[in-house]
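Trainee: Below is the file structure32.cif, with mmCIF, C-alpha atoms and all ligand atoms.
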```cif
data_target
#
loop_
_atom_site.label_atom_id
_atom_site.label_comp_id
_atom_site.auth_asym_id
_atom_site.auth_seq_id
_atom_site.Cartn_x
_atom_site.Cartn_y
_atom_site.Cartn_z
CA MET A 266 7.20 -5.37 21.64
CA ALA A 267 4.86 -2.78 20.19
CA VAL A 268 6.28 0.25 18.44
CA ALA A 269 5.63 3.60 20.08
CA GLU A 270 4.20 5.99 17.52
CA PRO A 271 4.56 9.76 17.72
CA ALA A 272 1.87 11.46 19.76
CA ALA A 273 0.32 13.01 16.69
CA PHE A 274 -0.12 9.58 15.15
CA GLN A 275 -1.85 8.31 18.25
CA LEU A 276 -4.62 10.88 17.99
CA ALA A 277 -6.40 9.02 15.26
CA THR A 278 -8.25 6.37 17.19
CA PRO A 279 -11.02 4.79 15.13
CA THR A 280 -14.30 5.84 16.63
CA ARG A 281 -16.98 4.03 14.67
CA VAL A 282 -17.66 0.37 15.18
CA TYR A 283 -19.67 -1.64 12.70
CA ASP A 284 -20.49 -5.25 11.91
CA ASN A 285 -17.68 -7.37 10.60
CA VAL A 286 -17.34 -7.23 6.80
CA ARG A 287 -17.02 -10.98 6.36
CA MET A 288 -20.22 -11.54 8.36
CA ILE A 289 -22.10 -9.15 6.08
CA SER A 290 -20.60 -10.86 3.03
CA GLU A 291 -21.99 -14.18 4.27
CA GLN A 292 -25.38 -12.69 5.10
CA LEU A 293 -25.63 -11.32 1.55
CA ARG A 294 -24.54 -14.59 0.02
CA SER A 295 -27.07 -16.62 1.98
CA CYS A 296 -29.79 -13.98 1.30
CA LYS A 297 -30.24 -13.28 5.02
CA ILE A 298 -30.02 -9.66 3.91
CA ASN A 299 -30.75 -8.40 0.39
CA SER A 300 -29.05 -5.08 0.34
CA LEU A 301 -25.79 -3.65 1.45
CA PRO A 302 -25.97 -1.74 4.74
CA GLU A 303 -26.07 1.89 3.72
CA ARG A 304 -22.78 2.79 5.36
CA TYR A 305 -20.91 0.66 2.79
CA ILE A 306 -22.57 2.32 -0.21
CA TRP A 307 -20.15 4.89 -1.52
CA PRO A 308 -21.39 8.14 -3.06
CA LYS A 309 -21.27 8.12 -6.86
CA GLU A 310 -18.80 11.00 -7.11
CA ARG A 311 -16.27 9.10 -4.98
CA VAL A 312 -16.43 5.87 -6.95
CA GLU A 313 -17.36 6.75 -10.51
CA ASN A 314 -16.84 4.02 -13.05
CA LEU A 315 -17.02 1.26 -10.47
CA LYS A 316 -17.17 -2.15 -11.96
CA PRO A 317 -15.89 -5.38 -10.54
CA GLY A 318 -12.75 -6.26 -12.46
CA ASN A 319 -11.95 -9.46 -14.28
CA HIS A 320 -9.51 -10.34 -17.03
CA GLU A 321 -12.12 -9.66 -19.72
CA THR A 322 -12.87 -6.18 -18.43
CA ILE A 323 -9.14 -5.46 -18.24
CA ALA A 324 -8.71 -6.39 -21.91
CA LYS A 325 -11.61 -4.11 -22.84
CA GLU A 326 -10.29 -1.34 -20.64
CA LYS A 327 -6.87 -1.61 -22.30
CA GLU A 328 -8.50 -1.19 -25.68
CA GLU A 329 -10.44 1.84 -24.48
CA LEU A 330 -7.26 3.29 -23.04
CA GLN A 331 -5.31 2.54 -26.22
CA ASN A 332 -3.30 -0.17 -24.58
CA LEU A 333 -2.30 1.91 -21.62
CA SER A 334 -1.07 -0.46 -18.97
CA ILE A 335 1.15 -0.27 -15.93
CA PRO A 336 4.79 -0.79 -17.02
CA VAL A 337 6.42 -4.11 -16.22
CA VAL A 338 10.13 -4.12 -15.34
CA ASP A 339 11.98 -7.41 -15.68
CA LEU A 340 14.81 -7.79 -13.17
CA ALA A 341 16.17 -11.01 -14.71
CA GLY A 342 19.03 -9.15 -16.42
CA LEU A 343 20.49 -8.01 -13.09
CA GLU A 344 21.91 -11.48 -12.55
CA ASN A 345 24.48 -10.90 -15.30
CA ARG A 346 25.95 -7.98 -13.34
CA SER A 347 26.20 -6.00 -16.56
CA GLU A 348 26.34 -2.25 -15.89
CA GLU A 349 24.59 -1.58 -19.14
CA VAL A 350 21.66 -3.84 -18.29
CA ARG A 351 21.44 -2.37 -14.79
CA ALA A 352 21.34 1.15 -16.21
CA LYS A 353 18.61 0.14 -18.65
CA ILE A 354 16.50 -1.34 -15.85
CA ALA A 355 17.06 1.81 -13.77
CA ARG A 356 15.91 3.96 -16.71
CA GLU A 357 12.77 1.86 -17.13
CA MET A 358 11.96 2.27 -13.45
CA ARG A 359 12.54 6.00 -13.58
CA LYS A 360 10.24 6.38 -16.60
CA ALA A 361 7.53 4.35 -14.86
CA CYS A 362 7.86 6.40 -11.67
CA GLU A 363 7.66 9.66 -13.61
CA GLU A 364 4.78 8.68 -15.84
CA TRP A 365 2.75 6.32 -13.66
CA GLY A 366 4.09 6.31 -10.11
CA PHE A 367 3.57 2.55 -10.43
CA PHE A 368 5.20 -0.43 -12.08
CA GLN A 369 5.28 -4.18 -11.71
CA VAL A 370 8.52 -6.09 -11.23
CA ILE A 371 9.02 -9.65 -12.36
CA ASN A 372 11.85 -12.10 -11.83
CA THR A 373 12.76 -10.75 -8.42
CA ALA A 374 14.95 -12.61 -5.93
CA VAL A 375 12.02 -13.11 -3.53
CA PRO A 376 11.78 -16.90 -3.18
CA THR A 377 8.53 -18.49 -4.40
CA MET A 378 8.40 -20.51 -1.19
CA VAL A 379 8.39 -17.32 0.90
CA MET A 380 5.42 -16.00 -1.05
CA GLU A 381 3.57 -19.32 -0.85
CA GLN A 382 4.07 -19.45 2.90
CA VAL A 383 2.97 -15.91 3.59
CA ASN A 384 -0.09 -16.25 1.35
CA ALA A 385 -1.09 -19.52 2.99
CA ASN A 386 -0.71 -18.05 6.47
CA ALA A 387 -2.64 -14.91 5.54
CA ARG A 388 -5.52 -16.98 4.17
CA GLU A 389 -5.44 -19.16 7.27
CA PHE A 390 -5.74 -16.07 9.45
CA PHE A 391 -8.78 -14.75 7.58
CA SER A 392 -10.51 -18.11 7.83
CA LEU A 393 -10.38 -18.06 11.65
CA PRO A 394 -13.61 -17.39 13.55
CA VAL A 395 -14.18 -13.64 13.77
CA GLU A 396 -13.88 -13.71 17.58
CA GLN A 397 -10.41 -15.21 17.31
CA MET A 398 -9.21 -12.69 14.72
CA GLU A 399 -10.61 -9.93 16.89
CA LYS A 400 -8.26 -10.86 19.72
CA ALA A 401 -5.73 -8.93 17.61
CA THR A 402 -7.96 -5.88 17.15
CA GLU A 403 -5.95 -2.67 16.87
CA PRO A 404 -5.30 -1.33 20.35
CA PRO A 405 -6.73 2.16 21.03
CA GLY A 406 -4.42 4.83 19.64
CA LYS A 407 -2.65 2.39 17.32
CA PRO A 408 -4.60 2.48 14.09
CA LEU A 409 -3.69 -0.15 11.50
CA GLN A 410 -1.62 -2.14 14.02
CA GLY A 411 -3.45 -5.43 14.33
CA TYR A 412 -6.71 -6.66 12.93
CA GLY A 413 -9.49 -4.48 11.60
CA GLY A 414 -12.69 -5.62 9.99
CA ARG A 415 -15.35 -3.51 11.57
CA HIS A 416 -14.49 0.09 11.26
CA ASN A 417 -13.29 2.79 9.02
CA PHE A 418 -9.99 4.51 9.30
CA LEU A 419 -8.57 5.54 5.94
CA ASN A 420 -11.53 7.27 4.33
CA SER A 421 -14.72 9.06 5.30
CA GLU A 422 -16.79 6.22 3.84
CA VAL A 423 -16.61 2.68 5.14
CA PRO A 424 -14.37 0.40 3.10
CA TRP A 425 -15.15 -3.26 2.35
CA ILE A 426 -12.02 -4.75 3.83
CA GLU A 427 -10.56 -6.79 6.64
CA PHE A 428 -6.88 -6.30 7.34
CA LEU A 429 -4.08 -7.42 9.59
CA GLY A 430 -0.95 -5.32 9.84
CA GLU A 431 2.09 -4.78 12.04
CA HIS A 432 5.51 -3.24 12.02
CA HIS A 433 8.51 -5.20 10.83
CA ALA A 434 10.88 -2.32 11.58
CA PRO A 435 12.16 -0.61 13.62
CA VAL A 436 10.90 -3.30 15.99
CA PRO A 437 9.14 -6.38 14.62
CA GLY A 438 5.72 -6.74 16.23
CA VAL A 439 4.59 -10.03 14.72
CA GLU A 440 5.34 -12.23 17.73
CA ASP A 441 3.32 -10.11 20.16
CA LEU A 442 0.52 -9.96 17.62
CA ALA A 443 0.48 -13.73 17.10
CA LYS A 444 0.43 -14.37 20.85
CA LYS A 445 -2.86 -12.49 21.06
CA VAL A 446 -4.45 -14.79 18.49
CA TRP A 447 -2.90 -18.18 19.19
CA GLU A 448 -1.94 -19.53 22.60
CA ASP A 449 1.36 -20.92 21.29
CA GLY A 450 2.13 -17.73 19.34
CA ASN A 451 2.04 -19.68 16.05
CA PRO A 452 5.78 -19.76 15.22
CA LYS A 453 5.00 -20.88 11.64
CA PHE A 454 2.93 -17.74 11.07
CA CYS A 455 5.64 -15.51 12.57
CA LYS A 456 8.35 -17.11 10.43
CA ALA A 457 6.29 -16.72 7.25
CA ILE A 458 5.79 -13.01 7.91
CA THR A 459 9.37 -12.40 8.97
CA ASP A 460 10.79 -14.17 5.90
CA TYR A 461 8.40 -12.27 3.64
CA SER A 462 9.20 -8.90 5.25
CA ASN A 463 12.97 -9.47 5.06
CA SER A 464 12.82 -10.51 1.39
CA VAL A 465 10.52 -7.73 0.30
CA GLU A 466 12.48 -5.14 2.22
CA GLN A 467 15.61 -6.26 0.36
CA LEU A 468 13.75 -5.88 -2.91
CA GLY A 469 12.73 -2.38 -1.83
CA VAL A 470 16.33 -1.46 -1.06
CA LEU A 471 17.38 -2.67 -4.53
CA ILE A 472 14.62 -0.62 -6.18
CA LEU A 473 15.59 2.48 -4.21
CA GLU A 474 19.22 2.00 -5.28
CA LEU A 475 18.19 1.70 -8.93
CA LEU A 476 15.98 4.76 -8.66
CA ALA A 477 18.82 6.80 -7.14
CA GLU A 478 21.14 5.64 -9.93
CA SER A 479 18.53 6.63 -12.50
CA LEU A 480 18.77 10.19 -11.16
CA ASP A 481 22.57 10.13 -11.27
CA LEU A 482 22.73 10.21 -7.50
CA PRO A 483 24.89 8.01 -5.27
CA LYS A 484 23.32 4.56 -5.17
CA ASP A 485 22.56 4.69 -1.44
CA THR A 486 20.96 8.15 -1.45
CA TYR A 487 17.58 6.70 -0.45
CA SER A 488 18.37 3.17 0.62
CA GLN A 489 20.78 4.20 3.40
CA HIS A 490 17.77 5.54 5.29
CA MET A 491 16.09 2.15 5.20
CA GLN A 492 18.73 0.35 7.23
CA THR A 493 18.17 1.31 10.88
CA GLY A 494 15.43 3.17 12.68
CA HIS A 495 13.40 3.12 9.48
CA HIS A 496 9.80 1.95 9.31
CA GLY A 497 8.71 -1.20 7.58
CA TYR A 498 5.08 -2.16 7.98
CA TRP A 499 3.32 -5.16 6.44
CA ARG A 500 -0.39 -5.50 5.88
CA PHE A 501 -2.65 -8.28 4.66
CA ASN A 502 -5.62 -6.77 2.86
CA TYR A 503 -8.53 -9.18 2.56
CA TYR A 504 -11.59 -8.20 0.55
CA PRO A 505 -14.41 -10.72 1.00
CA ALA A 506 -16.62 -11.30 -2.06
CA CYS A 507 -19.52 -8.86 -2.08
CA ALA A 508 -22.80 -9.60 -3.84
CA LYS A 509 -23.25 -5.83 -4.24
CA ALA A 510 -19.69 -5.15 -5.36
CA SER A 511 -20.58 -2.30 -7.69
CA GLN A 512 -21.87 -0.21 -4.78
CA THR A 513 -18.91 -0.36 -2.50
CA ILE A 514 -15.14 -0.17 -2.52
CA GLY A 515 -12.28 -2.07 -0.87
CA ILE A 516 -10.01 0.92 -0.26
CA GLY A 517 -11.01 4.36 -1.47
CA PRO A 518 -8.79 6.60 -3.59
CA HIS A 519 -5.60 7.41 -1.72
CA CYS A 520 -1.86 7.94 -2.06
CA ASP A 521 0.54 6.17 0.25
CA PRO A 522 2.16 8.14 3.07
CA ASP A 523 5.48 6.30 2.78
CA ALA A 524 8.56 6.21 0.54
CA LEU A 525 7.89 2.99 -1.35
CA THR A 526 5.14 0.37 -1.33
CA ILE A 527 5.62 -3.16 -2.59
CA LEU A 528 2.52 -5.27 -3.01
CA SER A 529 1.75 -8.78 -4.07
CA GLN A 530 -1.79 -9.42 -5.23
CA ASP A 531 -3.47 -12.74 -5.92
CA GLN A 532 -4.85 -13.39 -9.40
CA ILE A 533 -8.09 -11.46 -8.76
CA PRO A 534 -8.00 -7.95 -10.24
CA GLY A 535 -9.03 -5.10 -7.99
CA LEU A 536 -6.25 -2.54 -7.72
CA GLN A 537 -6.71 0.50 -9.98
CA VAL A 538 -4.41 3.44 -10.61
CA GLN A 539 -5.26 6.95 -11.82
CA LYS A 540 -3.86 7.77 -15.23
CA ALA A 541 -5.03 10.60 -17.47
CA ASN A 542 -8.22 10.92 -15.40
CA LYS A 543 -9.06 7.26 -15.88
CA TRP A 544 -8.82 4.32 -13.53
CA VAL A 545 -6.48 1.68 -14.95
CA THR A 546 -6.56 -1.82 -13.48
CA VAL A 547 -3.24 -3.35 -12.46
CA GLU A 548 -3.39 -6.70 -14.21
CA PRO A 549 -2.37 -9.52 -11.88
CA LEU A 550 0.77 -11.24 -13.20
CA PRO A 551 1.91 -14.45 -11.55
CA GLY A 552 4.95 -13.87 -9.35
CA ALA A 553 4.97 -10.11 -9.91
CA PHE A 554 5.14 -7.36 -7.30
CA VAL A 555 3.39 -4.05 -7.76
CA VAL A 556 5.65 -1.18 -6.73
CA ASN A 557 4.49 2.37 -6.13
CA VAL A 558 6.06 5.67 -5.25
CA GLY A 559 4.85 7.04 -1.93
CA ASP A 560 4.46 10.68 -0.94
CA TYR A 561 7.89 10.83 0.73
CA LEU A 562 9.72 9.64 -2.38
CA GLN A 563 7.89 12.20 -4.49
CA ALA A 564 9.19 14.94 -2.20
CA TRP A 565 12.61 13.29 -1.87
CA SER A 566 12.97 13.23 -5.69
CA ASN A 567 11.95 16.89 -5.92
CA ASP A 568 8.69 15.98 -7.67
CA ILE A 569 10.34 13.85 -10.39
CA PHE A 570 8.73 10.61 -9.22
CA LYS A 571 4.98 10.77 -8.66
CA SER A 572 2.91 9.37 -5.85
CA VAL A 573 -0.30 8.50 -7.63
CA GLU A 574 -3.82 7.93 -6.40
CA HIS A 575 -5.06 4.35 -6.39
CA ARG A 576 -8.08 2.44 -5.12
CA VAL A 577 -9.30 -1.12 -4.77
CA LEU A 578 -12.51 -2.62 -6.14
CA VAL A 579 -14.15 -5.68 -4.67
CA ASN A 580 -15.33 -8.70 -6.56
CA GLU A 581 -18.87 -10.10 -6.69
CA GLU A 582 -17.95 -13.76 -6.53
CA THR A 583 -14.43 -14.14 -5.28
CA ASP A 584 -12.58 -12.86 -2.28
CA ARG A 585 -9.26 -11.13 -2.91
CA LEU A 586 -6.02 -11.00 -0.93
CA SER A 587 -3.15 -8.61 -1.28
CA ILE A 588 -0.05 -8.30 0.88
CA ALA A 589 1.53 -4.90 1.12
CA PHE A 590 4.85 -3.74 2.55
CA PHE A 591 5.31 -0.04 3.25
CA MET A 592 8.80 1.45 3.64
CA SER A 593 9.59 4.81 5.23
CA PRO A 594 12.70 6.51 6.60
CA PRO A 595 12.96 7.06 10.38
CA ARG A 596 10.12 9.20 11.73
CA MET A 597 12.42 12.11 12.63
CA PHE A 598 14.42 12.04 9.38
CA ASN A 599 14.22 15.25 7.35
CA ILE A 600 12.84 14.48 3.92
CA GLU A 601 14.41 16.89 1.47
CA ALA A 602 15.49 16.64 -2.14
CA HIS A 603 19.16 16.01 -2.97
CA PRO A 604 20.82 19.34 -3.98
CA LYS A 605 21.66 17.86 -7.42
CA LEU A 606 17.94 17.65 -8.16
CA ILE A 607 17.36 21.34 -7.44
CA GLY A 608 18.05 23.84 -10.21
CA GLU A 609 20.55 26.65 -9.69
CA ASN A 610 18.96 29.58 -7.82
CA GLU A 611 15.88 27.45 -7.23
CA GLU A 612 14.33 26.04 -4.13
CA SER A 613 13.11 22.49 -3.70
CA VAL A 614 9.48 21.98 -4.72
CA PHE A 615 8.54 20.81 -1.22
CA LYS A 616 9.38 22.13 2.21
CA THR A 617 11.56 19.92 4.38
CA PHE A 618 9.39 17.70 6.57
CA THR A 619 9.57 14.55 8.67
CA SER A 620 7.22 11.61 8.31
CA ARG A 621 6.18 12.23 11.90
CA GLU A 622 4.95 15.70 10.94
CA TYR A 623 3.36 14.35 7.80
CA LEU A 624 1.38 11.61 9.54
CA GLY A 625 0.28 14.11 12.16
CA LEU A 626 -0.99 16.36 9.39
CA LEU A 627 -2.92 13.60 7.64
CA LEU A 628 -4.41 12.23 10.80
CA ASN A 629 -5.39 15.50 12.37
CA ASN A 630 -8.16 15.98 9.86
CA LYS A 631 -6.46 18.57 7.71
CA SER A 632 -7.07 16.26 4.81
CA ASN A 633 -10.65 15.57 5.90
CA GLY A 634 -9.87 12.12 7.20
CA ASP A 635 -8.70 10.88 3.84
CA VAL A 636 -5.14 9.77 3.30
CA GLY A 637 -4.81 11.46 -0.05
CA LYS A 638 -2.83 13.63 -2.35
CA ARG A 639 -3.79 16.71 -0.48
CA GLY A 640 -1.39 15.81 2.30
CA LEU A 641 1.59 16.40 0.03
CA ASP A 642 0.04 19.59 -1.32
CA TYR A 643 0.42 21.06 2.16
CA MET A 644 4.13 20.50 1.86
CA ARG A 645 4.56 22.38 -1.44
CA ARG A 646 6.42 25.63 -1.01
CA GLU A 647 3.95 27.52 -3.12
CA THR A 648 0.75 26.25 -1.61
CA THR A 649 -2.65 27.81 -1.43
CA VAL A 650 -4.38 24.84 0.15
CA ALA A 651 -6.90 26.18 2.66
O1 LIG A 701 -5.11 -4.36 -2.25
C1 LIG A 701 -4.48 -3.72 -3.08
O2 LIG A 701 -4.31 -4.12 -4.22
C2 LIG A 701 -3.90 -2.35 -2.76
C3 LIG A 701 -3.88 -2.05 -1.30
C4 LIG A 701 -3.54 -0.64 -0.99
O3 LIG A 701 -3.69 0.26 -1.77
C5 LIG A 701 -3.00 -0.34 0.33
O4 LIG A 701 -2.82 -1.28 1.13
O5 LIG A 701 -2.73 0.87 0.60
#
```
What's the structure tokens form of this structure?
Mentor:
Amino acid sequence: MAVAEPAAFQLATPTRVYDNVRMISEQLRSCKINSLPERYIWPKERVENLKPGNHETIAKEKEELQNLSIPVVDLAGLENRSEEVRAKIAREMRKACEEWGFFQVINTAVPTMVMEQVNANAREFFSLPVEQMEKATEPPGKPLQGYGGRHNFLNSEVPWIEFLGEHHAPVPGVEDLAKKVWEDGNPKFCKAITDYSNSVEQLGVLILELLAESLDLPKDTYSQHMQTGHHGYWRFNYYPACAKASQTIGIGPHCDPDALTILSQDQIPGLQVQKANKWVTVEPLPGAFVVNVGDYLQAWSNDIFKSVEHRVLVNEETDRLSIAFFMSPPRMFNIEAHPKLIGENEESVFKTFTSREYLGLLLNNKSNGDVGKRGLDYMRRETTVA
């Protein structure tokens, strides 16, 4: 069953329809066309310092940035159930969320088999004929629910991406989605996505507990709102190789309108995070998950944790796959900082808001069609945003 979105969310129906990205990728590769269609060429000011990433460029970039790299938090110690180790891990996460808004976690409890299955099924989907994938095209009024490979939704410019996404919670939509693509509803595909979503959601709950503990708040301060009526949404992001990779971008700079995002990327670099006015590549680590603070958690933590801008580059020779899981509290839940995080005689940094209001704001063009930092700026108490 599909999930009914708030009316405000339904306003943003994609309007522009273009050729499929993978088709253009193939035309470039086979020299049927020699240049990128203009709509995919991003203006310089939006994509400065664009270069297709690889492990060599990451090493050089680290040197240039004096070894700045996204923190890595190892969860292995949690198995010992030592309070001391747990507190240390929580502190590391807090530091990463304050300073970067991003970290990678390794040694999680997500089974390797679950990740292998979901990756294999995602790759299988993107190797289907375009007409078959398009049977799952996002229905009108339901952006980002289903398959997209022809149009732009997140940014004003056209991104070089194909995606497939659906809700896992409050109501899982994978079975209805799969029935559109495969006559038998592909139970193997549905199981792979369900197992992945359940495991990653559990990881998200654990991270939210640790983050609450790191702020000296009750452990379930955030996680209790991820149990029922909450929103969990998965998305496969597929970036076909692009012979003109330095002119285009996979996903433009944006912050995530959610509480927490957990992402697994394959071994092809592409994701970059803003730090000290530089773009830092998130180095792919086998078995790791990239975790980032979303806009709601920034507000919920009274601005202690940061939701940080990130973007995705595409690669000249190799396609890239990432699998994201976005977690948000129920749409009508009031997002407001815990009183312990607000100084005496002070107000919270952000006004109280619901994710329903927030999505409406982002999608009703107040932020110029870009899901970006400016959305949260509207929620600051002292705001002068026009
Ligand atoms: O593909 C990636 O590495 C990041 C994807 C992303 O930023 C998103 O799905 O919002």
Trainee: Each residue of chain A lying at most 10 Å from ligand LIG 701 (chain A) should get a row with its shortest atom-to-atom pair and the distance in Å to one decimal, counting only C-alpha atoms and all ligand atoms; could you produce that, ordered by chain and increasing number, as CSV?
Mentor:
```
residue,atom,partner,partner_atom,distance
A:Leu419,CA,A:LIG701,O5,9.2
A:Ile426,CA,A:LIG701,O1,9.2
A:Phe428,CA,A:LIG701,O4,9.0
A:Gly430,CA,A:LIG701,O4,9.8
A:Trp499,CA,A:LIG701,O4,9.0
A:Arg500,CA,A:LIG701,O4,6.8
A:Phe501,CA,A:LIG701,O4,7.8
A:Asn502,CA,A:LIG701,O1,5.7
A:Tyr503,CA,A:LIG701,O1,7.6
A:Tyr504,CA,A:LIG701,O1,8.0
A:Gly515,CA,A:LIG701,O1,7.7
A:Ile516,CA,A:LIG701,O3,6.5
A:Gly517,CA,A:LIG701,O3,8.4
A:Pro518,CA,A:LIG701,O3,8.3
A:His519,CA,A:LIG701,O3,7.4
A:Cys520,CA,A:LIG701,O5,7.6
A:Asp521,CA,A:LIG701,O5,6.2
A:Pro522,CA,A:LIG701,O5,9.1
A:Thr526,CA,A:LIG701,O5,8.1
A:Ile527,CA,A:LIG701,O4,9.4
A:Leu528,CA,A:LIG701,O2,7.0
A:Ser529,CA,A:LIG701,O2,7.6
A:Gln530,CA,A:LIG701,O2,6.0
A:Asp531,CA,A:LIG701,O2,8.8
A:Ile533,CA,A:LIG701,O2,9.4
A:Pro534,CA,A:LIG701,O2,8.0
A:Gly535,CA,A:LIG701,O2,6.1
A:Leu536,CA,A:LIG701,O2,4.3
A:Gln537,CA,A:LIG701,O2,7.8
A:Val538,CA,A:LIG701,O3,9.4
A:Thr546,CA,A:LIG701,O2,9.8
A:Val547,CA,A:LIG701,O2,8.3
A:Pro549,CA,A:LIG701,O2,9.6
A:Val555,CA,A:LIG701,O2,8.5
A:Asn557,CA,A:LIG701,O3,9.5
A:Glu574,CA,A:LIG701,O3,9.0
A:His575,CA,A:LIG701,O3,6.3
A:Arg576,CA,A:LIG701,O3,5.9
A:Val577,CA,A:LIG701,C1,5.7
A:Leu578,CA,A:LIG701,O1,8.5
A:Val579,CA,A:LIG701,O1,9.5
A:Arg585,CA,A:LIG701,O1,8.0
A:Leu586,CA,A:LIG701,O1,6.8
A:Ser587,CA,A:LIG701,O1,4.8
A:Ile588,CA,A:LIG701,O1,7.1
A:Ala589,CA,A:LIG701,O4,5.7
A:Phe590,CA,A:LIG701,O4,8.2
A:Phe591,CA,A:LIG701,O4,8.5
A:Val636,CA,A:LIG701,O5,9.6
```
Trainee: Using all atoms listed in the file, determine which residues lie at most 8 Å from stretch 354-364 of chain A, disregarding the query and same-chain residues fewer than 4 positions distant; provide the list as a JSON list (two decimals) with C-alpha atoms, in the frame of the given file.
Mentor:
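Okay, result.json is ready:
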```json
[["chain", "number", "residue", "atom", "x", "y", "z"],
["A", 335, "ILE", "CA", 1.15, -0.27, -15.93],
["A", 336, "PRO", "CA", 4.79, -0.79, -17.02],
["A", 338, "VAL", "CA", 10.13, -4.12, -15.34],
["A", 339, "ASP", "CA", 11.98, -7.41, -15.68],
["A", 340, "LEU", "CA", 14.81, -7.79, -13.17],
["A", 350, "VAL", "CA", 21.66, -3.84, -18.29],
["A", 368, "PHE", "CA", 5.20, -0.43, -12.08],
["A", 475, "LEU", "CA", 18.19, 1.70, -8.93],
["A", 476, "LEU", "CA", 15.98, 4.76, -8.66],
["A", 478, "GLU", "CA", 21.14, 5.64, -9.93],
["A", 479, "SER", "CA", 18.53, 6.63, -12.50],
["A", 480, "LEU", "CA", 18.77, 10.19, -11.16],
["A", 557, "ASN", "CA", 4.49, 2.37, -6.13],
["A", 558, "VAL", "CA", 6.06, 5.67, -5.25],
["A", 569, "ILE", "CA", 10.34, 13.85, -10.39],
["A", 570, "PHE", "CA", 8.73, 10.61, -9.22],
["A", 571, "LYS", "CA", 4.98, 10.77, -8.66]]
```
Trainee: In the coordinate frame of the file, compute which residues have an atom within 12 Å of (-27.3, -8.8, 7.5) when using only C-alpha atoms, and state them as an NGL selection string.
Mentor: :A and (283-303)
Trainee: What gap, in Å, lies between atom CA of A:Thr617 and atom CA of A:Ser572?
Mentor: 17.1 Å
Trainee: Need the shell around A:Leu409: protein/DNA/RNA residues with any atom at most 8 Å away, counting all atoms listed in the file. Skip same-chain ones fewer than 4 positions apart. Format as a list in words?
Mentor: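 Returned residues: Glu403, Gly413, Leu429, Gly430 and Glu431 of chain A.
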Trainee: When you draw a straight line from atom CA of A:Ser334 to atom CA of A:Ala387, how long is it in Å?
Mentor: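 The value is 28.5 Å.
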Trainee: Which of these residues is nearest to A:Phe391, using all atoms listed in the file: A:Ala352, A:Ala564, A:Val436, A:Val446?
Mentor: A:Val446
Trainee: Residues at most 8 Å from A:His495, counting all atoms listed in the file, excluding those fewer than 5 positions away in the same chain, as a list in words?
Mentor: Ala434, Pro435, His490, Met592, Ser593, Pro594, Pro595 and Arg596 of chain A
Trainee: If we count only C-alpha atoms, what is near A:Arg646 at a cut-off of 12 Å, once residues fewer than 4 positions away on the same chain are taken out, given as a ChimeraX atom specification?
Mentor: /A:564,567-568,611-618,641-642,650
Trainee: Hey, can you check how far atom CA of A:Trp425 sits from atom CA of A:Gly366?
Mentor: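 Atom-to-atom, atom CA of A:Trp425 and atom CA of A:Gly366 are spaced 24.8 Å apart.
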Trainee: When distances are computed from only C-alpha atoms, which of A:Met491, A:Ala443, A:Cys507, A:Leu468 shows the smallest separation from A:Gly411?
Mentor: A:Ala443
Trainee: Around all of stretch 606-613 of chain A's listed atoms, make the axis-aligned box with 5 Å on each side and tell me centre and edge lengths in Å to one decimal, as AutoDock Vina command-line options.
Mentor:
```
--center_x 16.8 --center_y 23.6 --center_z -7.0 --size_x 17.4 --size_y 21.9 --size_z 16.5
```
Trainee: Using all atoms listed in the file, can you tell me which of A:Met398, A:Ala524, A:Val337, A:Ile514 comes closest to A:Val370?
Mentor: A:Val337
Trainee: I'd like the neighbourhood of A:Cys455 as a compact mmCIF listing (two decimals) with C-alpha atoms, in the coordinates of the input, where a residue qualifies if any of its atoms comes within 7 Å (using only C-alpha atoms), though same-chain residues fewer than 4 positions away should be ignored.
Mentor:
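The file below, around-v2.txt, is the result:
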```txt
# COMPACT_ATOMS: atom_id res chain seq x y z
CA VAL A 439 4.59 -10.03 14.72
CA GLU A 440 5.34 -12.23 17.73
CA ASN A 451 2.04 -19.68 16.05
CA THR A 459 9.37 -12.40 8.97
```
Trainee: Could you tell me which of A:Leu627, A:Ala374, A:Leu333, A:Ile600 comes closest to A:Leu562 if we count only C-alpha atoms?
Mentor: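 Among the listed residues, A:Ile600 lies closest to A:Leu562.
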Trainee: My list of candidates is A:Ala541, A:Leu550, A:Met378, A:Leu624. Which is closest to A:Tyr461 when distances are computed with only C-alpha atoms?
Mentor: A:Met378
Trainee: Please work out which residues fall within 12 Å of (3.6, -17.4, 10.9), coordinates as given in the file, with all atoms listed in the file counting, and return them as an NGL selection string.
Mentor: :A and (379 or 381-390 or 439-444 or 446-447 or 449-462)
Trainee: For each of A:Ile607, A:Ala508, A:Val556, A:Val395, take the minimum atom-to-atom distance to A:Leu473, counting all atoms listed in the file, then give the residue where this is smallest.
Mentor: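 Once distances to A:Leu473 are computed over all atoms listed in the file, the minimum belongs to A:Val556.
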